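Asker: Compact mmCIF, N, CA and C atoms, file protein38.txt:
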# COMPACT_ATOMS: atom_id res chain seq x y z
N SER A 1 0.84 -1.20 0.00
CA SER A 1 0.00 0.00 0.00
C SER A 1 0.87 1.25 0.00
N THR A 2 0.28 2.35 -0.38
CA THR A 2 1.05 3.59 -0.42
C THR A 2 1.29 4.13 1.00
N ASP A 3 0.63 3.56 2.00
CA ASP A 3 0.87 4.01 3.37
C ASP A 3 2.34 3.85 3.75
N ASN A 4 2.93 2.78 3.26
CA ASN A 4 4.34 2.50 3.59
C ASN A 4 5.30 3.13 2.58
N ALA A 5 4.75 3.78 1.56
CA ALA A 5 5.59 4.29 0.48
C ALA A 5 6.64 5.25 1.06
N LEU A 6 7.79 5.26 0.43
CA LEU A 6 8.85 6.19 0.82
C LEU A 6 8.30 7.60 0.66
N SER A 7 8.45 8.39 1.67
CA SER A 7 7.87 9.73 1.64
C SER A 7 8.70 10.67 0.78
N ASP A 8 8.06 11.75 0.37
CA ASP A 8 8.77 12.79 -0.37
C ASP A 8 9.93 13.34 0.45
N GLU A 9 9.83 13.27 1.77
CA GLU A 9 10.93 13.75 2.61
C GLU A 9 12.21 12.96 2.38
N VAL A 10 12.06 11.71 1.94
CA VAL A 10 13.23 10.88 1.64
C VAL A 10 13.59 11.00 0.16
N VAL A 11 12.56 11.00 -0.69
CA VAL A 11 12.79 10.96 -2.15
C VAL A 11 13.26 12.30 -2.71
N LEU A 12 12.63 13.39 -2.27
CA LEU A 12 12.95 14.70 -2.88
C LEU A 12 14.39 15.15 -2.65
N PRO A 13 14.94 15.01 -1.43
CA PRO A 13 16.34 15.38 -1.27
C PRO A 13 17.28 14.53 -2.13
N TYR A 14 16.94 13.25 -2.28
CA TYR A 14 17.74 12.38 -3.16
C TYR A 14 17.74 12.95 -4.58
N LEU A 15 16.56 13.32 -5.07
CA LEU A 15 16.46 13.87 -6.43
C LEU A 15 17.18 15.21 -6.54
N GLU A 16 17.15 16.00 -5.47
CA GLU A 16 17.87 17.28 -5.48
C GLU A 16 19.37 17.07 -5.59
N ILE A 17 19.87 16.09 -4.85
CA ILE A 17 21.31 15.80 -4.91
C ILE A 17 21.67 15.25 -6.29
N LYS A 18 20.81 14.41 -6.84
CA LYS A 18 21.03 13.90 -8.19
C LYS A 18 21.12 15.06 -9.17
N ASP A 19 20.16 16.00 -9.10
CA ASP A 19 20.16 17.14 -10.02
C ASP A 19 21.41 18.01 -9.85
N ALA A 20 21.86 18.17 -8.61
CA ALA A 20 23.08 18.95 -8.36
C ALA A 20 24.28 18.28 -9.01
N LEU A 21 24.35 16.95 -8.94
CA LEU A 21 25.48 16.23 -9.54
C LEU A 21 25.38 16.23 -11.07
N VAL A 22 24.15 16.20 -11.60
CA VAL A 22 23.97 16.34 -13.05
C VAL A 22 24.57 17.68 -13.49
N ALA A 23 24.36 18.71 -12.67
CA ALA A 23 24.87 20.06 -12.98
C ALA A 23 26.33 20.23 -12.55
N SER A 24 26.95 19.14 -12.05
CA SER A 24 28.31 19.18 -11.50
C SER A 24 28.45 20.28 -10.44
N ASN A 25 27.41 20.47 -9.66
CA ASN A 25 27.38 21.52 -8.64
C ASN A 25 27.60 20.88 -7.26
N LEU A 26 28.87 20.77 -6.87
CA LEU A 26 29.22 20.13 -5.61
C LEU A 26 28.65 20.88 -4.42
N GLU A 27 28.70 22.22 -4.48
CA GLU A 27 28.20 23.02 -3.36
C GLU A 27 26.73 22.72 -3.07
N LYS A 28 25.93 22.64 -4.12
CA LYS A 28 24.50 22.38 -3.94
C LYS A 28 24.28 20.96 -3.41
N ALA A 29 25.04 19.99 -3.93
CA ALA A 29 24.92 18.61 -3.45
C ALA A 29 25.26 18.54 -1.96
N ARG A 30 26.36 19.21 -1.59
CA ARG A 30 26.78 19.23 -0.19
C ARG A 30 25.75 19.90 0.69
N GLY A 31 25.22 21.04 0.23
CA GLY A 31 24.24 21.78 1.02
C GLY A 31 22.97 20.99 1.26
N THR A 32 22.51 20.29 0.22
CA THR A 32 21.29 19.48 0.37
C THR A 32 21.54 18.33 1.35
N ALA A 33 22.68 17.66 1.21
CA ALA A 33 23.01 16.57 2.13
C ALA A 33 23.08 17.10 3.57
N GLN A 34 23.72 18.25 3.73
CA GLN A 34 23.87 18.83 5.06
C GLN A 34 22.51 19.19 5.67
N SER A 35 21.61 19.70 4.84
CA SER A 35 20.30 20.09 5.37
C SER A 35 19.52 18.87 5.87
N ILE A 36 19.70 17.72 5.25
CA ILE A 36 19.06 16.49 5.75
C ILE A 36 19.69 16.11 7.09
N LEU A 37 21.03 16.18 7.15
CA LEU A 37 21.75 15.80 8.38
C LEU A 37 21.42 16.75 9.53
N ASN A 38 21.00 17.97 9.21
CA ASN A 38 20.69 18.98 10.25
C ASN A 38 19.29 18.83 10.84
N LYS A 39 18.51 17.88 10.33
CA LYS A 39 17.15 17.72 10.85
C LYS A 39 17.19 17.34 12.33
N ASP A 40 16.11 17.64 13.03
CA ASP A 40 16.05 17.36 14.47
C ASP A 40 15.87 15.88 14.77
N SER A 41 15.10 15.20 13.95
CA SER A 41 14.87 13.78 14.21
C SER A 41 14.86 13.03 12.89
N PHE A 42 15.18 11.77 12.97
CA PHE A 42 15.32 10.95 11.78
C PHE A 42 14.42 9.73 11.86
N THR A 43 13.83 9.37 10.75
CA THR A 43 13.11 8.10 10.67
C THR A 43 14.14 6.98 10.55
N ASP A 44 13.70 5.76 10.73
CA ASP A 44 14.60 4.60 10.58
C ASP A 44 15.19 4.57 9.18
N ILE A 45 14.37 4.93 8.21
CA ILE A 45 14.84 4.92 6.82
C ILE A 45 15.93 5.98 6.63
N GLU A 46 15.71 7.17 7.17
CA GLU A 46 16.72 8.22 7.03
C GLU A 46 18.02 7.82 7.72
N GLU A 47 17.91 7.14 8.85
CA GLU A 47 19.12 6.68 9.57
C GLU A 47 20.01 5.85 8.65
N GLN A 48 19.37 5.01 7.85
CA GLN A 48 20.14 4.11 6.97
C GLN A 48 20.86 4.87 5.87
N LEU A 49 20.43 6.09 5.62
CA LEU A 49 21.02 6.88 4.52
C LEU A 49 22.13 7.81 5.00
N MET A 50 22.40 7.80 6.32
CA MET A 50 23.34 8.77 6.90
C MET A 50 24.75 8.65 6.34
N ALA A 51 25.25 7.43 6.18
CA ALA A 51 26.66 7.27 5.79
C ALA A 51 26.97 7.96 4.45
N PRO A 52 26.23 7.65 3.38
CA PRO A 52 26.54 8.36 2.12
C PRO A 52 26.26 9.86 2.21
N LEU A 53 25.24 10.26 2.97
CA LEU A 53 24.95 11.69 3.10
C LEU A 53 26.08 12.41 3.82
N GLU A 54 26.65 11.79 4.84
CA GLU A 54 27.81 12.38 5.54
C GLU A 54 28.96 12.57 4.57
N ARG A 55 29.21 11.56 3.74
CA ARG A 55 30.31 11.66 2.76
C ARG A 55 30.06 12.79 1.77
N ILE A 56 28.82 12.89 1.27
CA ILE A 56 28.51 13.94 0.31
C ILE A 56 28.64 15.32 0.97
N ALA A 57 28.15 15.44 2.20
CA ALA A 57 28.15 16.73 2.89
C ALA A 57 29.56 17.24 3.16
N HIS A 58 30.51 16.34 3.34
CA HIS A 58 31.84 16.75 3.80
C HIS A 58 32.96 16.62 2.79
N THR A 59 32.66 16.15 1.59
CA THR A 59 33.75 15.96 0.63
C THR A 59 34.11 17.27 -0.09
N GLU A 60 35.35 17.38 -0.50
CA GLU A 60 35.80 18.49 -1.34
C GLU A 60 35.86 18.05 -2.80
N SER A 61 35.53 16.79 -3.06
CA SER A 61 35.74 16.22 -4.39
C SER A 61 34.42 15.77 -5.00
N ILE A 62 34.14 16.24 -6.21
CA ILE A 62 32.90 15.82 -6.86
C ILE A 62 32.96 14.33 -7.19
N GLU A 63 34.16 13.80 -7.46
CA GLU A 63 34.28 12.36 -7.73
C GLU A 63 33.84 11.57 -6.50
N GLU A 64 34.30 11.99 -5.32
CA GLU A 64 33.89 11.28 -4.11
C GLU A 64 32.40 11.45 -3.85
N ALA A 65 31.89 12.64 -4.12
CA ALA A 65 30.44 12.86 -3.96
C ALA A 65 29.67 11.90 -4.86
N ARG A 66 30.16 11.69 -6.07
CA ARG A 66 29.49 10.79 -7.01
C ARG A 66 29.58 9.34 -6.54
N GLU A 67 30.70 8.95 -5.97
CA GLU A 67 30.82 7.59 -5.42
C GLU A 67 29.84 7.40 -4.27
N ALA A 68 29.76 8.38 -3.39
CA ALA A 68 28.83 8.30 -2.25
C ALA A 68 27.39 8.31 -2.76
N PHE A 69 27.14 9.05 -3.83
CA PHE A 69 25.80 9.10 -4.41
C PHE A 69 25.40 7.73 -4.95
N PHE A 70 26.35 6.97 -5.47
CA PHE A 70 26.02 5.62 -5.95
C PHE A 70 25.61 4.73 -4.78
N GLU A 71 26.32 4.85 -3.67
CA GLU A 71 25.95 4.11 -2.46
C GLU A 71 24.54 4.51 -2.01
N TYR A 72 24.27 5.80 -2.01
CA TYR A 72 22.96 6.38 -1.67
C TYR A 72 21.89 5.82 -2.63
N SER A 73 22.22 5.77 -3.92
CA SER A 73 21.29 5.26 -4.93
C SER A 73 20.93 3.80 -4.68
N GLN A 74 21.93 3.01 -4.30
CA GLN A 74 21.68 1.59 -4.04
C GLN A 74 20.71 1.44 -2.86
N LEU A 75 20.93 2.22 -1.80
CA LEU A 75 20.06 2.16 -0.62
C LEU A 75 18.64 2.60 -0.97
N ILE A 76 18.53 3.73 -1.65
CA ILE A 76 17.21 4.27 -2.02
C ILE A 76 16.47 3.29 -2.94
N THR A 77 17.19 2.70 -3.88
CA THR A 77 16.54 1.76 -4.83
C THR A 77 15.99 0.55 -4.08
N ASP A 78 16.76 0.03 -3.14
CA ASP A 78 16.27 -1.10 -2.33
C ASP A 78 15.00 -0.69 -1.59
N MET A 79 14.98 0.52 -1.05
CA MET A 79 13.83 1.00 -0.29
C MET A 79 12.61 1.20 -1.19
N VAL A 80 12.82 1.79 -2.36
CA VAL A 80 11.71 2.01 -3.28
C VAL A 80 11.16 0.66 -3.75
N THR A 81 12.06 -0.30 -3.98
CA THR A 81 11.63 -1.63 -4.39
C THR A 81 10.78 -2.28 -3.30
N GLU A 82 11.19 -2.08 -2.06
CA GLU A 82 10.47 -2.68 -0.94
C GLU A 82 9.16 -1.96 -0.61
N TYR A 83 9.21 -0.62 -0.57
CA TYR A 83 8.06 0.14 -0.06
C TYR A 83 7.26 0.87 -1.12
N GLY A 84 7.84 1.04 -2.30
CA GLY A 84 7.21 1.90 -3.29
C GLY A 84 7.52 3.36 -2.97
N ALA A 85 7.17 4.24 -3.89
CA ALA A 85 7.40 5.67 -3.68
C ALA A 85 6.11 6.40 -4.01
N SER A 86 6.04 7.63 -3.60
CA SER A 86 4.81 8.40 -3.82
C SER A 86 4.71 8.88 -5.27
N ARG A 87 5.74 8.63 -6.04
CA ARG A 87 5.74 9.00 -7.46
C ARG A 87 6.43 7.88 -8.24
N THR A 88 6.22 7.83 -9.54
CA THR A 88 6.93 6.86 -10.38
C THR A 88 8.41 7.22 -10.39
N MET A 89 9.25 6.22 -10.22
CA MET A 89 10.69 6.43 -10.28
C MET A 89 11.27 5.55 -11.38
N TYR A 90 12.22 6.09 -12.11
CA TYR A 90 12.86 5.35 -13.19
C TYR A 90 14.27 4.98 -12.77
N LYS A 91 14.55 3.68 -12.78
CA LYS A 91 15.91 3.23 -12.50
C LYS A 91 16.70 3.35 -13.80
N GLN A 92 17.76 4.13 -13.77
CA GLN A 92 18.55 4.42 -14.97
C GLN A 92 19.99 3.96 -14.75
N PHE A 93 20.61 3.54 -15.82
CA PHE A 93 21.92 2.90 -15.72
C PHE A 93 22.88 3.47 -16.74
N CYS A 94 24.10 3.76 -16.28
CA CYS A 94 25.17 4.20 -17.18
C CYS A 94 26.27 3.15 -17.13
N PRO A 95 26.54 2.47 -18.24
CA PRO A 95 27.55 1.41 -18.25
C PRO A 95 28.98 1.95 -18.12
N MET A 96 29.18 3.24 -18.34
CA MET A 96 30.53 3.79 -18.38
C MET A 96 30.98 4.39 -17.04
N ALA A 97 30.07 4.48 -16.08
CA ALA A 97 30.43 5.10 -14.80
C ALA A 97 31.52 4.30 -14.09
N PHE A 98 32.34 5.00 -13.33
CA PHE A 98 33.38 4.37 -12.51
C PHE A 98 34.24 3.39 -13.31
N GLY A 99 34.85 3.93 -14.37
CA GLY A 99 35.77 3.11 -15.16
C GLY A 99 35.10 1.91 -15.79
N ASN A 100 33.91 2.13 -16.34
CA ASN A 100 33.14 1.10 -17.04
C ASN A 100 32.62 -0.02 -16.16
N SER A 101 32.64 0.16 -14.84
CA SER A 101 31.98 -0.86 -14.02
C SER A 101 30.48 -0.61 -13.97
N GLY A 102 30.07 0.62 -14.32
CA GLY A 102 28.65 0.91 -14.44
C GLY A 102 28.02 1.29 -13.11
N ALA A 103 26.98 2.11 -13.17
CA ALA A 103 26.28 2.51 -11.96
C ALA A 103 24.88 2.96 -12.34
N PHE A 104 23.95 2.77 -11.40
CA PHE A 104 22.58 3.20 -11.65
C PHE A 104 22.21 4.34 -10.72
N TRP A 105 21.09 4.95 -11.01
CA TRP A 105 20.51 5.99 -10.17
C TRP A 105 19.01 6.00 -10.42
N LEU A 106 18.28 6.73 -9.59
CA LEU A 106 16.83 6.87 -9.79
C LEU A 106 16.52 8.29 -10.24
N SER A 107 15.51 8.39 -11.08
CA SER A 107 15.07 9.68 -11.57
C SER A 107 13.55 9.72 -11.55
N ALA A 108 12.97 10.90 -11.44
CA ALA A 108 11.52 11.05 -11.53
C ALA A 108 11.09 11.23 -12.99
N GLU A 109 12.04 11.40 -13.90
CA GLU A 109 11.74 11.56 -15.32
C GLU A 109 12.40 10.43 -16.10
N LYS A 110 11.80 10.11 -17.26
CA LYS A 110 12.40 9.08 -18.13
C LYS A 110 13.68 9.59 -18.79
N GLU A 111 13.70 10.90 -19.04
CA GLU A 111 14.84 11.48 -19.75
C GLU A 111 16.13 11.23 -18.98
N ILE A 112 17.18 10.82 -19.68
CA ILE A 112 18.46 10.55 -19.04
C ILE A 112 19.23 11.84 -18.83
N LEU A 113 19.55 12.12 -17.57
CA LEU A 113 20.45 13.22 -17.21
C LEU A 113 21.43 12.61 -16.21
N ASN A 114 22.64 12.40 -16.64
CA ASN A 114 23.58 11.53 -15.93
C ASN A 114 24.28 12.23 -14.76
N PRO A 115 24.05 11.76 -13.52
CA PRO A 115 24.68 12.40 -12.37
C PRO A 115 26.15 12.01 -12.16
N TYR A 116 26.59 10.96 -12.85
CA TYR A 116 27.97 10.50 -12.66
C TYR A 116 28.95 11.23 -13.57
N PHE A 117 28.44 11.80 -14.67
CA PHE A 117 29.31 12.53 -15.59
C PHE A 117 28.92 13.99 -15.76
N GLY A 118 27.67 14.34 -15.42
CA GLY A 118 27.24 15.71 -15.67
C GLY A 118 27.32 16.04 -17.14
N ASP A 119 27.74 17.27 -17.45
CA ASP A 119 27.68 17.70 -18.86
C ASP A 119 28.72 17.02 -19.74
N LYS A 120 29.66 16.26 -19.13
CA LYS A 120 30.63 15.53 -19.97
C LYS A 120 29.92 14.48 -20.81
N MET A 121 28.99 13.76 -20.19
CA MET A 121 28.22 12.74 -20.92
C MET A 121 26.80 12.73 -20.35
N LEU A 122 26.13 13.83 -20.56
CA LEU A 122 24.84 14.06 -19.93
C LEU A 122 23.81 12.98 -20.27
N ARG A 123 23.85 12.49 -21.50
CA ARG A 123 22.81 11.59 -22.00
C ARG A 123 23.23 10.13 -21.95
N CYS A 124 24.37 9.83 -21.37
CA CYS A 124 24.85 8.45 -21.34
C CYS A 124 24.03 7.65 -20.33
N GLY A 125 23.29 6.67 -20.83
CA GLY A 125 22.53 5.82 -19.94
C GLY A 125 21.24 5.37 -20.58
N GLU A 126 20.52 4.52 -19.84
CA GLU A 126 19.26 3.99 -20.33
C GLU A 126 18.35 3.73 -19.13
N VAL A 127 17.05 3.72 -19.40
CA VAL A 127 16.08 3.35 -18.36
C VAL A 127 16.06 1.83 -18.27
N GLN A 128 16.31 1.30 -17.07
CA GLN A 128 16.29 -0.16 -16.87
C GLN A 128 14.96 -0.64 -16.35
N ALA A 129 14.29 0.18 -15.54
CA ALA A 129 13.06 -0.28 -14.91
C ALA A 129 12.25 0.92 -14.46
N GLU A 130 10.97 0.67 -14.31
CA GLU A 130 10.07 1.67 -13.73
C GLU A 130 9.66 1.12 -12.38
N LEU A 131 9.88 1.89 -11.31
CA LEU A 131 9.59 1.39 -9.97
C LEU A 131 8.36 2.11 -9.40
Any chance you could put this one into structure tokens?

Answerer:
Amino acid sequence: STDNALSDEVVLPYLEIKDALVASNLEKARGTAQSILNKDSFTDIEEQLMAPLERIAHTESIEEAREAFFEYSQLITDMVTEYGASRTMYKQFCPMAFGNSGAFWLSAEKEILNPYFGDKMLRCGEVQAEL
């Protein structure tokens, strides 16, 4: 049921960080991560997301932010698969991320905007699934 669906409070900051990385905007990615960490109380689900968010909030390197974002994406995808989300999410995959080992992310749009490469390879990727 949608009662258990991942709330926008969990999904929207994830999408904001994704969009910041698409724009190669480390400051915005860090700021969004920090604003989640600054909340007064955390749900069990948010607790599980702390490690990658801490890395994103404190890194000076967009490469490290992108690595932490992949960890964040894996956690969020497992959660969306288990609980559903309040909106349709598209699981998208770029085979060239991280030295061709490949990485996925979630998006609220079908259009590919790649958070692992930003404007270097904005359109690299494909929709793998609709969640």

Asker: For CA of Ser24 in chain A and atom C of Arg55 in chain A, determine how far apart the two atoms are, in Å to one decimal place.

Answerer: 14.8 Å

Asker: Using backbone DSSP assignments, extract all alpha helix (DSSP H) residues from range 2-117 of chain A; output them as a ChimeraX atom specification.

Answerer: /A:8-22,26-37,44-48,50-58,62-83,97-100

Asker: What does the distance from CA of Pro115 in chain A to atom N of Asp19 in chain A come to in Å, to one decimal?

Answerer: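 CA of Pro115 in chain A sits 6.6 Å away from atom N of Asp19 in chain A.
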
Asker: Report as a list in words all protein, DNA and RNA residues lying within 6 Å of range 99-108 of chain A, evaluated on only C-alpha atoms, omitting residues in the same chain fewer than 5 positions from it.

Answerer: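 So, after excluding close chain neighbours, the residues are Ser73, Met89, Tyr90, Lys91, Gln92, Phe93 and Cys94 of chain A.
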
Asker: Keeping only N, CA and C atoms, write the selected residues to a file as a tab-separated table (two decimals), in the frame of the given file.

Answerer:
chain	number	residue	atom	x	y	z
A	73	SER	N	22.22	5.77	-3.92
A	73	SER	CA	21.29	5.26	-4.93
A	73	SER	C	20.93	3.80	-4.68
A	89	MET	N	9.25	6.22	-10.22
A	89	MET	CA	10.69	6.43	-10.28
A	89	MET	C	11.27	5.55	-11.38
A	90	TYR	N	12.22	6.09	-12.11
A	90	TYR	CA	12.86	5.35	-13.19
A	90	TYR	C	14.27	4.98	-12.77
A	91	LYS	N	14.55	3.68	-12.78
A	91	LYS	CA	15.91	3.23	-12.50
A	91	LYS	C	16.70	3.35	-13.80
A	92	GLN	N	17.76	4.13	-13.77
A	92	GLN	CA	18.55	4.42	-14.97
A	92	GLN	C	19.99	3.96	-14.75
A	93	PHE	N	20.61	3.54	-15.82
A	93	PHE	CA	21.92	2.90	-15.72
A	93	PHE	C	22.88	3.47	-16.74
A	94	CYS	N	24.10	3.76	-16.28
A	94	CYS	CA	25.17	4.20	-17.18
A	94	CYS	C	26.27	3.15	-17.13

Asker: Excluding same-chain residues fewer than 3 positions from Thr81 in chain A, what lies within 12 Å of it counting only C-alpha atoms, as a list of chain:residue names?

Answerer: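 The residues satisfying every condition are A:Asn4, A:Ala5, A:Leu6, A:Ser73, A:Gln74, A:Leu75, A:Ile76, A:Thr77, A:Asp78, A:Gly84, A:Ala85, A:Thr88, A:Met89, A:Tyr90, A:Lys91, A:Leu106, A:Ala129, A:Glu130, A:Leu131.
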
Asker: Rank A:His58, A:Leu53, A:Val22, A:Pro13 by their smallest atom-to-atom distance to Leu37 in chain A, using only C-alpha atoms, and report the top residue only.

Answerer: A:Leu53

Asker: Using all atoms listed in the file, can you tell me which of A:Ala33, A:Asp44, A:Val11, A:Lys39 comes closest to Ser86 in chain A?

Answerer: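 That would be A:Val11, the residue with the smallest distance to Ser86 in chain A.
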
Asker: Fewer than 3 positions away in the same chain doesn't count, so skip those; otherwise give me all residues within 9 Å of Ile56 in chain A, counting only C-alpha atoms, as a short mmCIF file (atom, residue, chain, number, x, y, z; two decimals) with N, CA and C atoms, in the coordinates of the input.

Answerer:
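Dumped to part_39.cif:
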data_model
loop_
_atom_site.label_atom_id
_atom_site.label_comp_id
_atom_site.auth_asym_id
_atom_site.auth_seq_id
_atom_site.Cartn_x
_atom_site.Cartn_y
_atom_site.Cartn_z
N LEU A 26 28.87 20.77 -6.87
CA LEU A 26 29.22 20.13 -5.61
C LEU A 26 28.65 20.88 -4.42
N ALA A 29 25.04 19.99 -3.93
CA ALA A 29 24.92 18.61 -3.45
C ALA A 29 25.26 18.54 -1.96
N ARG A 30 26.36 19.21 -1.59
CA ARG A 30 26.78 19.23 -0.19
C ARG A 30 25.75 19.90 0.69
N GLY A 31 25.22 21.04 0.23
CA GLY A 31 24.24 21.78 1.02
C GLY A 31 22.97 20.99 1.26
N ALA A 33 22.68 17.66 1.21
CA ALA A 33 23.01 16.57 2.13
C ALA A 33 23.08 17.10 3.57
N GLN A 34 23.72 18.25 3.73
CA GLN A 34 23.87 18.83 5.06
C GLN A 34 22.51 19.19 5.67
N ALA A 51 25.25 7.43 6.18
CA ALA A 51 26.66 7.27 5.79
C ALA A 51 26.97 7.96 4.45
N PRO A 52 26.23 7.65 3.38
CA PRO A 52 26.54 8.36 2.12
C PRO A 52 26.26 9.86 2.21
N LEU A 53 25.24 10.26 2.97
CA LEU A 53 24.95 11.69 3.10
C LEU A 53 26.08 12.41 3.82
N THR A 59 32.66 16.15 1.59
CA THR A 59 33.75 15.96 0.63
C THR A 59 34.11 17.27 -0.09
N GLU A 60 35.35 17.38 -0.50
CA GLU A 60 35.80 18.49 -1.34
C GLU A 60 35.86 18.05 -2.80
N SER A 61 35.53 16.79 -3.06
CA SER A 61 35.74 16.22 -4.39
C SER A 61 34.42 15.77 -5.00
N ILE A 62 34.14 16.24 -6.21
CA ILE A 62 32.90 15.82 -6.86
C ILE A 62 32.96 14.33 -7.19
N GLU A 64 34.30 11.99 -5.32
CA GLU A 64 33.89 11.28 -4.11
C GLU A 64 32.40 11.45 -3.85
N ALA A 65 31.89 12.64 -4.12
CA ALA A 65 30.44 12.86 -3.96
C ALA A 65 29.67 11.90 -4.86
N ARG A 66 30.16 11.69 -6.07
CA ARG A 66 29.49 10.79 -7.01
C ARG A 66 29.58 9.34 -6.54
N GLU A 67 30.70 8.95 -5.97
CA GLU A 67 30.82 7.59 -5.42
C GLU A 67 29.84 7.40 -4.27
N ALA A 68 29.76 8.38 -3.39
CA ALA A 68 28.83 8.30 -2.25
C ALA A 68 27.39 8.31 -2.76
N PHE A 69 27.14 9.05 -3.83
CA PHE A 69 25.80 9.10 -4.41
C PHE A 69 25.40 7.73 -4.95
#

Asker: Residues of chain A in strand (DSSP E) according to DSSP, as number ranges by chain?

Answerer: A: 90-94, 103-107, 126-130

Asker: For Leu122 in chain A, list every protein, DNA or RNA residue within 6.5 Å, evaluated using only N, CA and C atoms, and leave out those in the same chain fewer than 5 positions away; present the list as a ChimeraX atom specification.

Answerer: /A:112-114,117

Asker: For atom C of Lys110 in chain A and CA of Lys28 in chain A, quote the distance in Å rounded to one decimal.

Answerer: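 Separation between atom C of Lys110 in chain A and CA of Lys28 in chain A: 22.4 Å.
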
Asker: Export range 36-49 of chain A, N, CA and C atoms, as an mmCIF file, in the first residue's frame; it's the structure right above.

Answerer:
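Written file, out-v3.cif:
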data_model
loop_
_atom_site.group_PDB
_atom_site.id
_atom_site.type_symbol
_atom_site.label_atom_id
_atom_site.label_comp_id
_atom_site.auth_asym_id
_atom_site.auth_seq_id
_atom_site.Cartn_x
_atom_site.Cartn_y
_atom_site.Cartn_z
ATOM 1 N N ILE A 36 19.699 17.716 5.246
ATOM 2 C CA ILE A 36 19.061 16.494 5.750
ATOM 3 C C ILE A 36 19.694 16.111 7.089
ATOM 4 N N LEU A 37 21.029 16.184 7.148
ATOM 5 C CA LEU A 37 21.746 15.805 8.376
ATOM 6 C C LEU A 37 21.418 16.755 9.529
ATOM 7 N N ASN A 38 21.000 17.974 9.213
ATOM 8 C CA ASN A 38 20.694 18.975 10.247
ATOM 9 C C ASN A 38 19.293 18.831 10.840
ATOM 10 N N LYS A 39 18.509 17.880 10.328
ATOM 11 C CA LYS A 39 17.148 17.720 10.855
ATOM 12 C C LYS A 39 17.191 17.341 12.332
ATOM 13 N N ASP A 40 16.106 17.642 13.034
ATOM 14 C CA ASP A 40 16.051 17.357 14.474
ATOM 15 C C ASP A 40 15.871 15.878 14.769
ATOM 16 N N SER A 41 15.104 15.201 13.947
ATOM 17 C CA SER A 41 14.869 13.780 14.211
ATOM 18 C C SER A 41 14.860 13.034 12.889
ATOM 19 N N PHE A 42 15.179 11.766 12.975
ATOM 20 C CA PHE A 42 15.318 10.950 11.775
ATOM 21 C C PHE A 42 14.420 9.726 11.856
ATOM 22 N N THR A 43 13.833 9.367 10.747
ATOM 23 C CA THR A 43 13.111 8.105 10.669
ATOM 24 C C THR A 43 14.142 6.980 10.546
ATOM 25 N N ASP A 44 13.700 5.756 10.735
ATOM 26 C CA ASP A 44 14.597 4.597 10.582
ATOM 27 C C ASP A 44 15.194 4.574 9.183
ATOM 28 N N ILE A 45 14.370 4.932 8.207
ATOM 29 C CA ILE A 45 14.843 4.924 6.819
ATOM 30 C C ILE A 45 15.928 5.976 6.632
ATOM 31 N N GLU A 46 15.708 7.165 7.170
ATOM 32 C CA GLU A 46 16.724 8.220 7.030
ATOM 33 C C GLU A 46 18.022 7.823 7.722
ATOM 34 N N GLU A 47 17.914 7.144 8.853
ATOM 35 C CA GLU A 47 19.119 6.680 9.569
ATOM 36 C C GLU A 47 20.005 5.845 8.654
ATOM 37 N N GLN A 48 19.375 5.008 7.851
ATOM 38 C CA GLN A 48 20.139 4.110 6.974
ATOM 39 C C GLN A 48 20.864 4.868 5.868
ATOM 40 N N LEU A 49 20.434 6.093 5.617
ATOM 41 C CA LEU A 49 21.022 6.883 4.522
ATOM 42 C C LEU A 49 22.133 7.812 5.004
#
